[in-house]
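Before any comments, here is the structure.
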Amino acid sequence: MHTLKAALFILVIGIVLCVPTAAFAAQTYTDTVSGHEYYATSTDGKFAGTATGSLPGTWNADVQHTALCISCSTTATITGGSFLLAGALNSIPTLITGKFSGGTVQVTNVGANCTNQTFDVNGILSNVGPWYNGSGDGTFTATLTHYRYRLFGSCITYGASVAGTLTLTF
């Protein structure tokens, strides 16, 4: 019995030593992302869309931040949130997850006179990787545009799009 365990141990060690180091090295994936904002408050924005590039698929992001004054060109600090990308890793359907651990949301155009508003979203991601092993990091950098129209004297936001770049290393 001890001989069998010893033989298995040596076999496993031999396999591990024969696997190239590159198989264990972190890899960086870069995608172009586009989509829509489907929920927003002064401290939270939720987005979903498609990613094309190294890890194509569909994504969802919940960006939580300090209060954002839209009419005064302030910068909010990202305080948390989550990121999900449903795609394929090495041809295997995989859910890639991550957490927002920092970054900023900045008003770049307040949308005077009910014109479109724009925001720069620069998020730092941590715990990035397949849902079962998120040990990497990344960035989510995008421009958010609120589409607005004046109707019966009120300024109405009728839609919002987001477009940018996603870079993940794990």
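Naming scheme: A, B, ... for chains in displayed order of the structure tokens; residues 1 onward per chain; ligands 1 onward as shown.
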**Item:** DSSP strand (DSSP E or B) residues within chain A, as a ChimeraX atom specification
**Value:** /A:28-41,44-53,57-65,75-89,92-109,117-130,136-151,154-169
**Message:** Using only C-alpha atoms, which protein or nucleic acid residues come within 7 Å of segment 161-169 of chain A? Drop anything in the same chain fewer than 2 positions from it, and give the result as a PyMOL selection string.
**Reply:** chain A and resi 26-37+136-146+159
Using only C-alpha atoms, which residues sit within 6 Å of Val128 of chain A once same-chain residues fewer than 2 positions away are excluded, as a short mmCIF file (atom, residue, chain, number, x, y, z; two decimals) with C-alpha atoms, in the first residue's frame?
data_model
loop_
_atom_site.label_atom_id
_atom_site.label_comp_id
_atom_site.auth_asym_id
_atom_site.auth_seq_id
_atom_site.Cartn_x
_atom_site.Cartn_y
_atom_site.Cartn_z
CA THR A 97 -15.99 37.64 -12.04
CA GLY A 98 -14.38 40.58 -10.30
CA SER A 126 -9.70 42.98 -8.04
CA GLY A 134 -10.61 35.12 -8.73
CA SER A 135 -7.05 36.14 -7.88
CA GLY A 136 -6.26 38.58 -10.70
CA ASP A 137 -6.91 42.25 -11.36
#
**Message:** To one decimal place in Å, what is the distance between atom CA of Asp62 of chain A and atom CA of Ala112 of chain A?
**Reply:**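 Computing the Euclidean distance for atom CA of Asp62 of chain A and atom CA of Ala112 of chain A yields 27.0 Å.
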**Message:** Would you compute the distance between atom CA of Thr79 of chain A and atom CA of Ala40 of chain A? Give it in Å to one decimal.
**Reply:** 15.2 Å
**Request:** Tell me which of A:Ser154, A:Thr74, A:Ser54, A:Thr41 sits closest to Asn109 of chain A, counting only C-alpha atoms.
**Result:** A:Thr74
**Prompt:** Could you write out, as an MDAnalysis selection string, all the residues of chain A that DSSP marks as helix (DSSP H, G or I)?
**Reply:** chainID A and resid 2:18 21:24 70:72 112:114
**Point-to-point distance from atom CA of Asn133 of chain A to atom CA of Asp44 of chain A, Å rounded to tenths** = 26.3 Å
